[in-house]
Number of protein chains: 2
Amino acid sequence: MAKILLVEDEEALREIVTFNVQNAGHTIVGTENANDALMILEDFLPDLILLDIMLPGLKGDQFLSLIRANNKFGQIPVIIISAKSREEDIVAGLEAGADDYLTKPFSMKVLLAKILVILKRSRSEDPGDFISYDQIAVDETNHKAFVAGQEIALTNKEFALLLLFVRNPRRVFTRNQLLNTVWGYDADVYTRTVDSHISTLRKKLGEAGQVIRSIAKIGYKVE
Amino acid sequence: MAKILLVEDEEALREIVTFNVQNAGHTIVGTENANDALMILEDFLPDLILLDIMLPGLKGDQFLSLIRANNKFGQIPVIIISAKSREEDIVAGLEAGADDYLTKPFSMKVLLAKILVILKRSRSEDPGDFISYDQIAVDETNHKAFVAGQEIALTNKEFALLLLFVRNPRRVFTRNQLLNTVWGYDADVYTRTVDSHISTLRKKLGEAGQVIRSIAKIGYKVE
DNA sequence: GCCTGATTTTACATTTCTTTAACAGTTTCC
DNA sequence: GGAAACTGTTAAAGAAATGTAAAATCAGGC
């Protein structure tokens, strides 16, 4: 069902987790330290990581920060398994970017149930090639945009802008951020150009164009 | 930052959770049974539900099945809070569609951390870096401010002022310090302008605006 | 080179925010 | 207690940012 990477230095625990997770129908690769885990990540591209915090060498929380900062692996969900059960350890783990925290000893059945819960969440996030917001749908691979099911014609820049907005709903972008992202870091363009494209985009979107809001003195967002 | 619905029949626990969740900057509505919760759902449309399993009348797990089957509410994440800590209860809760399961007694800090993790996962929006003080929460990356979880509209200067205050609670700023920081070192502005913005900011914050205190002959602070 | 459509710039109307100014209310200190 | 100094609030003037149409420029195909 899913590819899972297990980082755990206790051999006995690694074996029992591997056995149970495999029996539940997943593919699992186990490793005893975080440095090896980093190597494996690249090729294995797991759907989920089970991570012990107390590891020899690179610590689990350092490993977690590393992958969270990485564009390619940053979205992979992580369940921490740890003997540390103090409130502050749990909070620190969750704040560092873990999706769940299990304290040792833990029940295999609970672990398997949590794996399913987290996989369900992270999968429902990419429902195919369409990204949509409200009445607006964007098909990135085919470079098409739709309003209420009707395709509308957009130019390149308009499309890139709309895609960025729909991918990051509610996020506010400054004009310079938009220029850097859509036009490129070295674009030599007046910031009012952005306004101009926003204007044409709104017009082409019709009613639905109202979701593009201006944030005074900052920039724009979709909401 | 988020709207949360709490379904819990023990009044003492309901109060303490309400207090803590509110202080973290969320809006929370509490109810003592699942039938009332169903009514509230429609109007309140929470971002997250905290659900006790053992309830008088409609049971928590039945309530969970009902909303999971509903198109409109089916996607709302649910954290179960329960005195049942047996392995099979936890697994059953997770399989019924809960996103997490906390056993009583639980730590408020852990609850708050889990709320943020789950919100982050369910919104495509990065909840950003929230800084909060009392009922006020400020999201710098998205340029948003919240009072008791409700977003309020602030102008640029008001936002910059509030951000500075919330970042440095209890610190007293002179008017000139505020001018230097918010307006810039070379601002050619009358110091009374600060008072004017403080006034509008207080008004927009409503009740919570009282945390901005004037320090006679010096300036302002948040406390 | 010319044409077409996309992109950028410009200009002006409009909207929104910021500052000032005036006055009311409050505090401080003699 | 009362004057002086300070703060709160409001409204209006002023400044700045945005919306948009249209003109200018650019890029690629023919």
# chains A, B, ... in the order shown; residues from 1 in each chain; ligands from 1
>>> select_by_dssp(residues="chain B", states="alpha helix (DSSP H)", output="ChimeraX atom specification")
/B:11-23,34-44,60-69,87-95,108-122,156-167,175-178,192-205
>>> write_last_selection(atoms="C-alpha atoms", output="tab-separated table (two decimals), in the first residue's frame")
chain	number	residue	atom	x	y	z
B	11	GLU	CA	-17.94	20.71	32.40
B	12	ALA	CA	-14.63	21.14	34.21
B	13	LEU	CA	-12.65	19.73	31.32
B	14	ARG	CA	-14.66	21.72	28.82
B	15	GLU	CA	-13.80	24.91	30.62
B	16	ILE	CA	-10.11	24.25	30.90
B	17	VAL	CA	-9.81	23.24	27.26
B	18	THR	CA	-11.83	26.27	26.18
B	19	PHE	CA	-9.61	28.56	28.18
B	20	ASN	CA	-6.36	27.17	26.82
B	21	VAL	CA	-7.45	26.90	23.21
B	22	GLN	CA	-8.78	30.44	23.29
B	23	ASN	CA	-5.55	31.73	24.75
B	34	ALA	CA	-23.35	15.41	20.14
B	35	ASN	CA	-26.92	16.34	19.22
B	36	ASP	CA	-26.24	19.98	19.94
B	37	ALA	CA	-22.94	19.66	18.12
B	38	LEU	CA	-24.79	18.64	14.95
B	39	MET	CA	-26.88	21.82	15.15
B	40	ILE	CA	-23.85	24.00	15.72
B	41	LEU	CA	-21.87	22.46	12.85
B	42	GLU	CA	-24.10	23.97	10.22
B	43	ASP	CA	-23.60	27.56	11.28
B	44	PHE	CA	-20.17	27.44	12.82
B	60	GLY	CA	-19.00	10.14	19.96
B	61	ASP	CA	-18.28	7.35	17.51
B	62	GLN	CA	-21.78	7.56	16.09
B	63	PHE	CA	-21.38	11.29	15.72
B	64	LEU	CA	-18.08	10.71	13.94
B	65	SER	CA	-19.66	8.27	11.48
B	66	LEU	CA	-22.44	10.74	10.79
B	67	ILE	CA	-20.14	13.60	9.87
B	68	ARG	CA	-17.74	11.40	7.93
B	69	ALA	CA	-20.66	10.30	5.78
B	87	GLU	CA	-5.36	-0.42	22.33
B	88	GLU	CA	-8.57	-1.56	20.65
B	89	ASP	CA	-10.39	1.65	21.56
B	90	ILE	CA	-7.66	3.75	20.02
B	91	VAL	CA	-7.54	1.65	16.87
B	92	ALA	CA	-11.33	1.73	16.60
B	93	GLY	CA	-11.34	5.50	16.95
B	94	LEU	CA	-8.72	5.98	14.28
B	95	GLU	CA	-10.40	3.51	11.95
B	108	MET	CA	-2.80	20.97	27.19
B	109	LYS	CA	0.46	21.76	25.49
B	110	VAL	CA	0.38	18.51	23.60
B	111	LEU	CA	-3.22	19.15	22.60
B	112	LEU	CA	-2.32	22.60	21.28
B	113	ALA	CA	0.65	21.21	19.36
B	114	LYS	CA	-1.50	18.48	17.83
B	115	ILE	CA	-4.11	21.02	16.82
B	116	LEU	CA	-1.48	22.95	14.89
B	117	VAL	CA	-0.09	19.82	13.24
B	118	ILE	CA	-3.51	18.76	12.05
B	119	LEU	CA	-4.47	22.20	10.84
B	120	LYS	CA	-1.25	22.40	8.89
B	121	ARG	CA	-1.96	19.07	7.28
B	122	SER	CA	-5.57	19.81	6.41
B	156	ASN	CA	0.05	48.23	6.86
B	157	LYS	CA	1.13	50.55	9.64
B	158	GLU	CA	-1.31	49.06	12.10
B	159	PHE	CA	-0.05	45.61	11.25
B	160	ALA	CA	3.59	46.59	11.68
B	161	LEU	CA	2.82	48.17	15.04
B	162	LEU	CA	0.90	45.17	16.29
B	163	LEU	CA	3.61	42.79	15.12
B	164	LEU	CA	6.24	44.75	17.00
B	165	PHE	CA	4.18	44.76	20.17
B	166	VAL	CA	3.31	41.08	20.04
B	167	ARG	CA	6.93	40.19	19.38
B	175	ARG	CA	7.04	57.13	20.40
B	176	ASN	CA	10.38	57.80	18.75
B	177	GLN	CA	11.37	54.15	18.94
B	178	LEU	CA	8.10	53.24	17.29
B	192	ARG	CA	1.30	62.32	17.52
B	193	THR	CA	0.77	60.21	14.42
B	194	VAL	CA	1.71	57.22	16.54
B	195	ASP	CA	-1.08	57.98	18.99
B	196	SER	CA	-3.50	58.18	16.15
B	197	HIS	CA	-2.57	54.74	14.87
B	198	ILE	CA	-2.63	53.30	18.37
B	199	SER	CA	-6.15	54.59	18.67
B	200	THR	CA	-7.39	52.96	15.47
B	201	LEU	CA	-5.54	49.77	16.32
B	202	ARG	CA	-7.19	49.58	19.72
B	203	LYS	CA	-10.56	50.12	18.15
B	204	LYS	CA	-10.04	47.36	15.61
B	205	LEU	CA	-8.86	44.95	18.29
>>> calpha_fit_rmsd(fixed="chain A", moving="chain B")
16.4 Å
>>> residues_around(residues="Val138 of chain A", least_positions_apart="4", cutoff="9 Å", atoms="only C-alpha atoms (C1' of nucleotides)", output="PyMOL selection string")
chain A and resi 129-133+142-147+159+162-163+166
>>> write_last_selection(atoms="N, CA and C atoms", output="compact mmCIF listing (two decimals), in the first residue's frame")
# COMPACT_ATOMS: atom_id res chain seq x y z
N ASP A 129 -4.50 15.96 -11.56
CA ASP A 129 -3.80 17.04 -12.22
C ASP A 129 -4.51 18.37 -12.08
N PHE A 130 -5.70 18.33 -11.51
CA PHE A 130 -6.43 19.58 -11.35
C PHE A 130 -6.19 20.17 -9.99
N ILE A 131 -5.93 21.45 -10.02
CA ILE A 131 -5.89 22.16 -8.75
C ILE A 131 -7.05 23.14 -8.84
N SER A 132 -7.85 23.23 -7.80
CA SER A 132 -8.96 24.16 -7.96
C SER A 132 -9.18 24.98 -6.71
N TYR A 133 -9.77 26.11 -6.94
CA TYR A 133 -10.17 26.95 -5.82
C TYR A 133 -11.49 27.59 -6.20
N ASN A 142 -1.85 20.29 -18.86
CA ASN A 142 -2.36 20.66 -20.17
C ASN A 142 -2.49 22.17 -20.37
N HIS A 143 -2.07 22.90 -19.35
CA HIS A 143 -2.04 24.34 -19.49
C HIS A 143 -3.41 24.92 -19.82
N LYS A 144 -4.39 24.46 -19.05
CA LYS A 144 -5.73 24.97 -19.29
C LYS A 144 -6.34 25.47 -18.00
N ALA A 145 -7.19 26.47 -18.14
CA ALA A 145 -7.85 27.00 -16.95
C ALA A 145 -9.36 27.02 -17.18
N PHE A 146 -10.11 26.78 -16.13
CA PHE A 146 -11.56 26.70 -16.24
C PHE A 146 -12.24 27.55 -15.17
N VAL A 147 -13.32 28.17 -15.56
CA VAL A 147 -14.16 28.85 -14.58
C VAL A 147 -15.53 28.21 -14.66
N PHE A 159 -1.55 32.67 -16.84
CA PHE A 159 -1.66 31.30 -16.37
C PHE A 159 -0.74 31.03 -15.20
N LEU A 162 -2.11 32.66 -12.07
CA LEU A 162 -3.27 31.96 -11.54
C LEU A 162 -2.87 30.65 -10.88
N LEU A 163 -1.96 29.93 -11.50
CA LEU A 163 -1.49 28.66 -10.96
C LEU A 163 -0.87 28.87 -9.57
N VAL A 166 -3.66 29.61 -7.07
CA VAL A 166 -4.53 28.49 -6.75
C VAL A 166 -3.78 27.44 -5.95
>>> residues_around(residues="segment 15-25 of chain C", least_positions_apart="6", cutoff="10 Å", atoms="only C-alpha atoms (C1' of nucleotides)", output="PyMOL selection string")
(chain A and resi 216-217) or (chain B and resi 155-157+189-190+192-194+196-197) or (chain D and resi 7-19)
>>> write_last_selection(atoms="N, CA and C atoms (P, O5', C5', C4', C3', O3' and C1' of nucleotides)", output="short mmCIF file (atom, residue, chain, number, x, y, z; two decimals), in the first residue's frame")
data_model
loop_
_atom_site.label_atom_id
_atom_site.label_comp_id
_atom_site.auth_asym_id
_atom_site.auth_seq_id
_atom_site.Cartn_x
_atom_site.Cartn_y
_atom_site.Cartn_z
N ALA A 216 -3.73 45.95 0.66
CA ALA A 216 -3.18 47.29 0.50
C ALA A 216 -1.72 47.36 0.92
N LYS A 217 -0.91 47.91 0.10
CA LYS A 217 0.50 48.16 0.34
C LYS A 217 1.32 46.88 0.46
N THR B 155 -4.47 47.90 8.43
CA THR B 155 -3.65 48.54 7.41
C THR B 155 -2.19 48.19 7.69
N ASN B 156 -1.36 48.57 6.78
CA ASN B 156 0.05 48.23 6.86
C ASN B 156 0.71 48.73 8.14
N LYS B 157 0.51 49.98 8.44
CA LYS B 157 1.13 50.55 9.64
C LYS B 157 0.59 49.91 10.89
N VAL B 189 7.84 62.51 10.39
CA VAL B 189 6.46 62.47 10.86
C VAL B 189 6.37 62.94 12.30
N TYR B 190 5.30 63.58 12.54
CA TYR B 190 4.95 64.11 13.85
C TYR B 190 4.70 62.94 14.81
N ARG B 192 2.70 62.58 17.21
CA ARG B 192 1.30 62.32 17.52
C ARG B 192 0.65 61.34 16.54
N THR B 193 1.26 61.19 15.39
CA THR B 193 0.77 60.21 14.42
C THR B 193 0.72 58.81 15.03
N VAL B 194 1.70 58.53 15.87
CA VAL B 194 1.71 57.22 16.54
C VAL B 194 0.43 57.05 17.36
N SER B 196 -2.35 58.34 17.02
CA SER B 196 -3.50 58.18 16.15
C SER B 196 -3.64 56.73 15.68
N HIS B 197 -2.52 56.14 15.30
CA HIS B 197 -2.57 54.74 14.87
C HIS B 197 -2.87 53.81 16.02
P DT D 7 1.98 61.10 26.80
"O5'" DT D 7 0.42 60.84 26.60
"C5'" DT D 7 -0.33 60.27 27.66
"C4'" DT D 7 -1.78 60.11 27.24
"C3'" DT D 7 -2.00 59.27 25.99
"O3'" DT D 7 -2.96 58.26 26.31
"C1'" DT D 7 -3.17 61.31 25.83
P DG D 8 -3.57 57.29 25.21
"O5'" DG D 8 -4.92 58.07 24.87
"C5'" DG D 8 -5.98 58.07 25.82
"C4'" DG D 8 -7.30 58.33 25.11
"C3'" DG D 8 -7.54 57.46 23.88
"O3'" DG D 8 -8.92 57.07 23.90
"C1'" DG D 8 -7.57 59.77 23.25
P DT D 9 -9.55 56.18 22.74
"O5'" DT D 9 -10.10 57.29 21.76
"C5'" DT D 9 -10.87 58.35 22.32
"C4'" DT D 9 -11.43 59.22 21.21
"C3'" DT D 9 -11.73 58.48 19.90
"O3'" DT D 9 -13.06 58.80 19.54
"C1'" DT D 9 -10.43 60.42 19.48
P DT D 10 -13.82 57.97 18.40
"O5'" DT D 10 -14.03 59.11 17.30
"C5'" DT D 10 -14.52 60.38 17.75
"C4'" DT D 10 -14.18 61.42 16.69
"C3'" DT D 10 -14.45 60.95 15.25
"O3'" DT D 10 -15.53 61.71 14.76
"C1'" DT D 10 -12.34 62.08 15.45
P DA D 11 -16.21 61.45 13.34
"O5'" DA D 11 -15.61 62.64 12.46
"C5'" DA D 11 -15.55 63.96 13.00
"C4'" DA D 11 -14.76 64.82 12.06
"C3'" DA D 11 -15.04 64.54 10.58
"O3'" DA D 11 -15.02 65.77 9.87
"C1'" DA D 11 -12.76 64.19 11.00
P DA D 12 -15.60 65.87 8.39
"O5'" DA D 12 -14.48 66.74 7.66
"C5'" DA D 12 -13.72 67.68 8.42
"C4'" DA D 12 -12.36 67.80 7.78
"C3'" DA D 12 -12.38 67.70 6.26
"O3'" DA D 12 -11.49 68.67 5.74
"C1'" DA D 12 -10.87 66.12 7.13
P DA D 13 -11.42 68.95 4.17
"O5'" DA D 13 -9.84 69.14 3.91
"C5'" DA D 13 -9.05 69.79 4.91
"C4'" DA D 13 -7.62 69.32 4.76
"C3'" DA D 13 -7.10 69.37 3.32
"O3'" DA D 13 -5.77 69.88 3.36
"C1'" DA D 13 -6.91 67.16 4.17
P DG D 14 -4.96 70.10 2.03
"O5'" DG D 14 -4.08 68.78 1.99
"C5'" DG D 14 -3.22 68.48 3.10
"C4'" DG D 14 -2.51 67.18 2.82
"C3'" DG D 14 -1.91 67.08 1.42
"O3'" DG D 14 -0.53 66.79 1.59
"C1'" DG D 14 -3.21 65.15 1.92
P DA D 15 0.44 66.53 0.40
"O5'" DA D 15 0.54 64.94 0.44
"C5'" DA D 15 0.86 64.29 1.66
"C4'" DA D 15 0.93 62.80 1.43
"C3'" DA D 15 1.72 62.39 0.19
"O3'" DA D 15 2.59 61.36 0.60
"C1'" DA D 15 -0.45 61.42 0.13
P DA D 16 3.65 60.72 -0.41
"O5'" DA D 16 2.98 59.31 -0.69
"C5'" DA D 16 2.46 58.56 0.41
"C4'" DA D 16 1.68 57.40 -0.14
"C3'" DA D 16 2.34 56.70 -1.32
"O3'" DA D 16 2.46 55.34 -0.99
"C1'" DA D 16 0.07 57.14 -1.77
P DA D 17 3.18 54.28 -1.91
"O5'" DA D 17 1.94 53.39 -2.35
"C5'" DA D 17 1.10 52.86 -1.33
"C4'" DA D 17 -0.14 52.28 -1.97
"C3'" DA D 17 0.16 51.28 -3.09
"O3'" DA D 17 -0.61 50.13 -2.85
"C1'" DA D 17 -1.37 52.93 -3.83
P DT D 18 -0.59 48.89 -3.81
"O5'" DT D 18 -1.92 49.10 -4.65
"C5'" DT D 18 -3.17 49.01 -3.98
"C4'" DT D 18 -4.28 49.25 -4.98
"C3'" DT D 18 -4.31 48.26 -6.15
"O3'" DT D 18 -5.62 47.71 -6.18
"C1'" DT D 18 -4.47 50.49 -6.92
P DG D 19 -6.09 46.74 -7.32
"O5'" DG D 19 -6.82 47.74 -8.32
"C5'" DG D 19 -8.08 48.29 -7.97
"C4'" DG D 19 -8.82 48.71 -9.23
"C3'" DG D 19 -8.83 47.67 -10.35
"O3'" DG D 19 -10.12 47.75 -10.97
"C1'" DG D 19 -7.70 49.62 -11.11
#
>>> select_by_dssp(residues="segment 70-139 of chain A", states="strand (DSSP E)", output="ChimeraX atom specification")
/A:78-82,100-103,130-133,136-139
>>> write_last_selection(atoms="N, CA and C atoms", output="tab-separated table (two decimals), in the first residue's frame")
chain	number	residue	atom	x	y	z
A	78	VAL	N	6.01	12.32	8.80
A	78	VAL	CA	6.93	11.65	9.72
A	78	VAL	C	6.20	11.31	11.01
A	79	ILE	N	6.33	10.07	11.45
A	79	ILE	CA	5.84	9.69	12.78
A	79	ILE	C	7.07	9.44	13.64
A	80	ILE	N	7.16	10.17	14.74
A	80	ILE	CA	8.29	9.97	15.65
A	80	ILE	C	7.95	8.83	16.59
A	81	ILE	N	8.92	7.93	16.80
A	81	ILE	CA	8.78	6.92	17.84
A	81	ILE	C	9.93	7.15	18.81
A	82	SER	N	9.58	7.31	20.07
A	82	SER	CA	10.62	7.72	20.99
A	82	SER	C	10.34	7.23	22.40
A	100	ASP	N	3.04	12.92	13.90
A	100	ASP	CA	2.52	12.26	15.08
A	100	ASP	C	3.71	11.82	15.93
A	101	TYR	N	3.41	11.43	17.16
A	101	TYR	CA	4.47	11.10	18.10
A	101	TYR	C	4.01	9.91	18.93
A	102	LEU	N	4.73	8.81	18.82
A	102	LEU	CA	4.38	7.62	19.59
A	102	LEU	C	5.45	7.38	20.64
A	103	THR	N	5.03	7.11	21.88
A	103	THR	CA	6.03	6.85	22.91
A	103	THR	C	6.19	5.35	23.09
A	130	PHE	N	-5.70	18.33	-11.51
A	130	PHE	CA	-6.43	19.58	-11.35
A	130	PHE	C	-6.19	20.17	-9.99
A	131	ILE	N	-5.93	21.45	-10.02
A	131	ILE	CA	-5.89	22.16	-8.75
A	131	ILE	C	-7.05	23.14	-8.84
A	132	SER	N	-7.85	23.23	-7.80
A	132	SER	CA	-8.96	24.16	-7.96
A	132	SER	C	-9.18	24.98	-6.71
A	133	TYR	N	-9.77	26.11	-6.94
A	133	TYR	CA	-10.17	26.95	-5.82
A	133	TYR	C	-11.49	27.59	-6.20
A	136	ILE	N	-12.74	28.12	-9.77
A	136	ILE	CA	-11.61	28.11	-10.69
A	136	ILE	C	-10.88	26.78	-10.63
A	137	ALA	N	-10.60	26.19	-11.80
A	137	ALA	CA	-9.81	24.97	-11.84
A	137	ALA	C	-8.66	25.17	-12.81
A	138	VAL	N	-7.50	24.64	-12.42
A	138	VAL	CA	-6.34	24.80	-13.28
A	138	VAL	C	-5.76	23.42	-13.56
A	139	ASP	N	-5.55	23.13	-14.83
A	139	ASP	CA	-4.95	21.87	-15.26
A	139	ASP	C	-3.53	22.19	-15.69
>>> closest_residue(among="B:Ser107, B:Ile152, B:Asp186, B:Asp134", to="Ala208 of chain B", atoms="only C-alpha atoms")
B:Asp134
>>> atom_distance(atom1="atom CA of Asp9 of chain B", atom2="atom CA of Pro56 of chain B")
7.6 Å
>>> atom_distance(atom1="atom CA of Val222 of chain B", atom2="atom C1' of DT28 of chain C")
22.7 Å
>>> atom_distance(atom1="atom CA of Gly25 of chain A", atom2="atom CA of Ala98 of chain B")
21.6 Å
>>> interface_residues(of="chain C", to="chain A", cutoff="10 Å", atoms="only C-alpha atoms (C1' of nucleotides)", output="list in words")
DG5, DA6, DT7, DT8, DT9, DT16 and DC17 of chain C
>>> write_last_selection(atoms="C-alpha atoms (C1' of nucleotides)", output="PDB file, in the first residue's frame")
ATOM      1  C1'  DG C   5      -0.778  38.443 -30.078  1.00  0.00           C
ATOM      2  C1'  DA C   6       1.533  38.938 -25.707  1.00  0.00           C
ATOM      3  C1'  DT C   7       3.717  41.880 -22.573  1.00  0.00           C
ATOM      4  C1'  DT C   8       5.051  46.159 -20.575  1.00  0.00           C
ATOM      5  C1'  DT C   9       4.559  50.932 -19.787  1.00  0.00           C
ATOM      6  C1'  DT C  16      -7.544  53.562   0.409  1.00  0.00           C
ATOM      7  C1'  DC C  17      -4.334  54.758   3.818  1.00  0.00           C
TER       8       DC C  17
END
>>> residues_around(residues="DC29 of chain C", least_positions_apart="5", cutoff="12 Å", atoms="only C-alpha atoms (C1' of nucleotides)", output="CSV table (one decimal) with N, CA and C atoms (P, O5', C5', C4', C3', O3' and C1' of nucleotides), in the first residue's frame")
chain,number,residue,atom,x,y,z
D,1,DG,P,-10.3,69.7,45.2
D,1,DG,O5',-9.4,71.0,45.4
D,1,DG,C5',-10.0,72.3,45.7
D,1,DG,C4',-9.3,73.3,44.8
D,1,DG,C3',-9.7,73.4,43.4
D,1,DG,O3',-9.6,74.7,42.9
D,1,DG,C1',-7.5,72.6,43.4
D,2,DG,P,-10.2,75.3,41.6
D,2,DG,O5',-8.9,75.4,40.7
D,2,DG,C5',-7.8,76.2,41.2
D,2,DG,C4',-6.7,76.0,40.2
D,2,DG,C3',-7.1,76.0,38.7
D,2,DG,O3',-6.2,76.8,38.0
D,2,DG,C1',-5.9,74.1,39.1
D,3,DA,P,-6.6,77.5,36.6
D,3,DA,O5',-5.2,77.5,35.8
D,3,DA,C5',-4.0,78.0,36.5
D,3,DA,C4',-2.8,77.2,36.1
D,3,DA,C3',-2.6,77.2,34.6
D,3,DA,O3',-1.3,77.4,34.3
D,3,DA,C1',-2.7,75.0,35.4
D,4,DA,P,-0.8,77.6,32.8
D,4,DA,O5',0.0,76.3,32.5
D,4,DA,C5',0.9,75.8,33.5
D,4,DA,C4',1.4,74.5,33.1
D,4,DA,C3',1.7,74.3,31.6
D,4,DA,O3',3.0,73.7,31.4
D,4,DA,C1',0.2,72.6,32.4
D,5,DA,P,3.6,73.4,30.0
D,5,DA,O5',3.4,71.8,29.9
D,5,DA,C5',3.8,71.0,31.0
D,5,DA,C4',3.3,69.6,30.8
D,5,DA,C3',3.6,69.1,29.4
D,5,DA,O3',4.2,67.8,29.5
D,5,DA,C1',1.3,68.8,29.9
>>> residues_around(residues="DG29 of chain D", least_positions_apart="5", cutoff="12 Å", atoms="only C-alpha atoms (C1' of nucleotides)", output="compact mmCIF listing (two decimals) with C-alpha atoms (C1' of nucleotides), in the first residue's frame")
# COMPACT_ATOMS: atom_id res chain seq x y z
C1' DC C 2 5.12 42.68 -41.61
C1' DC C 3 1.55 40.91 -38.85
C1' DT C 4 -0.37 39.10 -34.66
C1' DG C 5 -0.78 38.44 -30.08
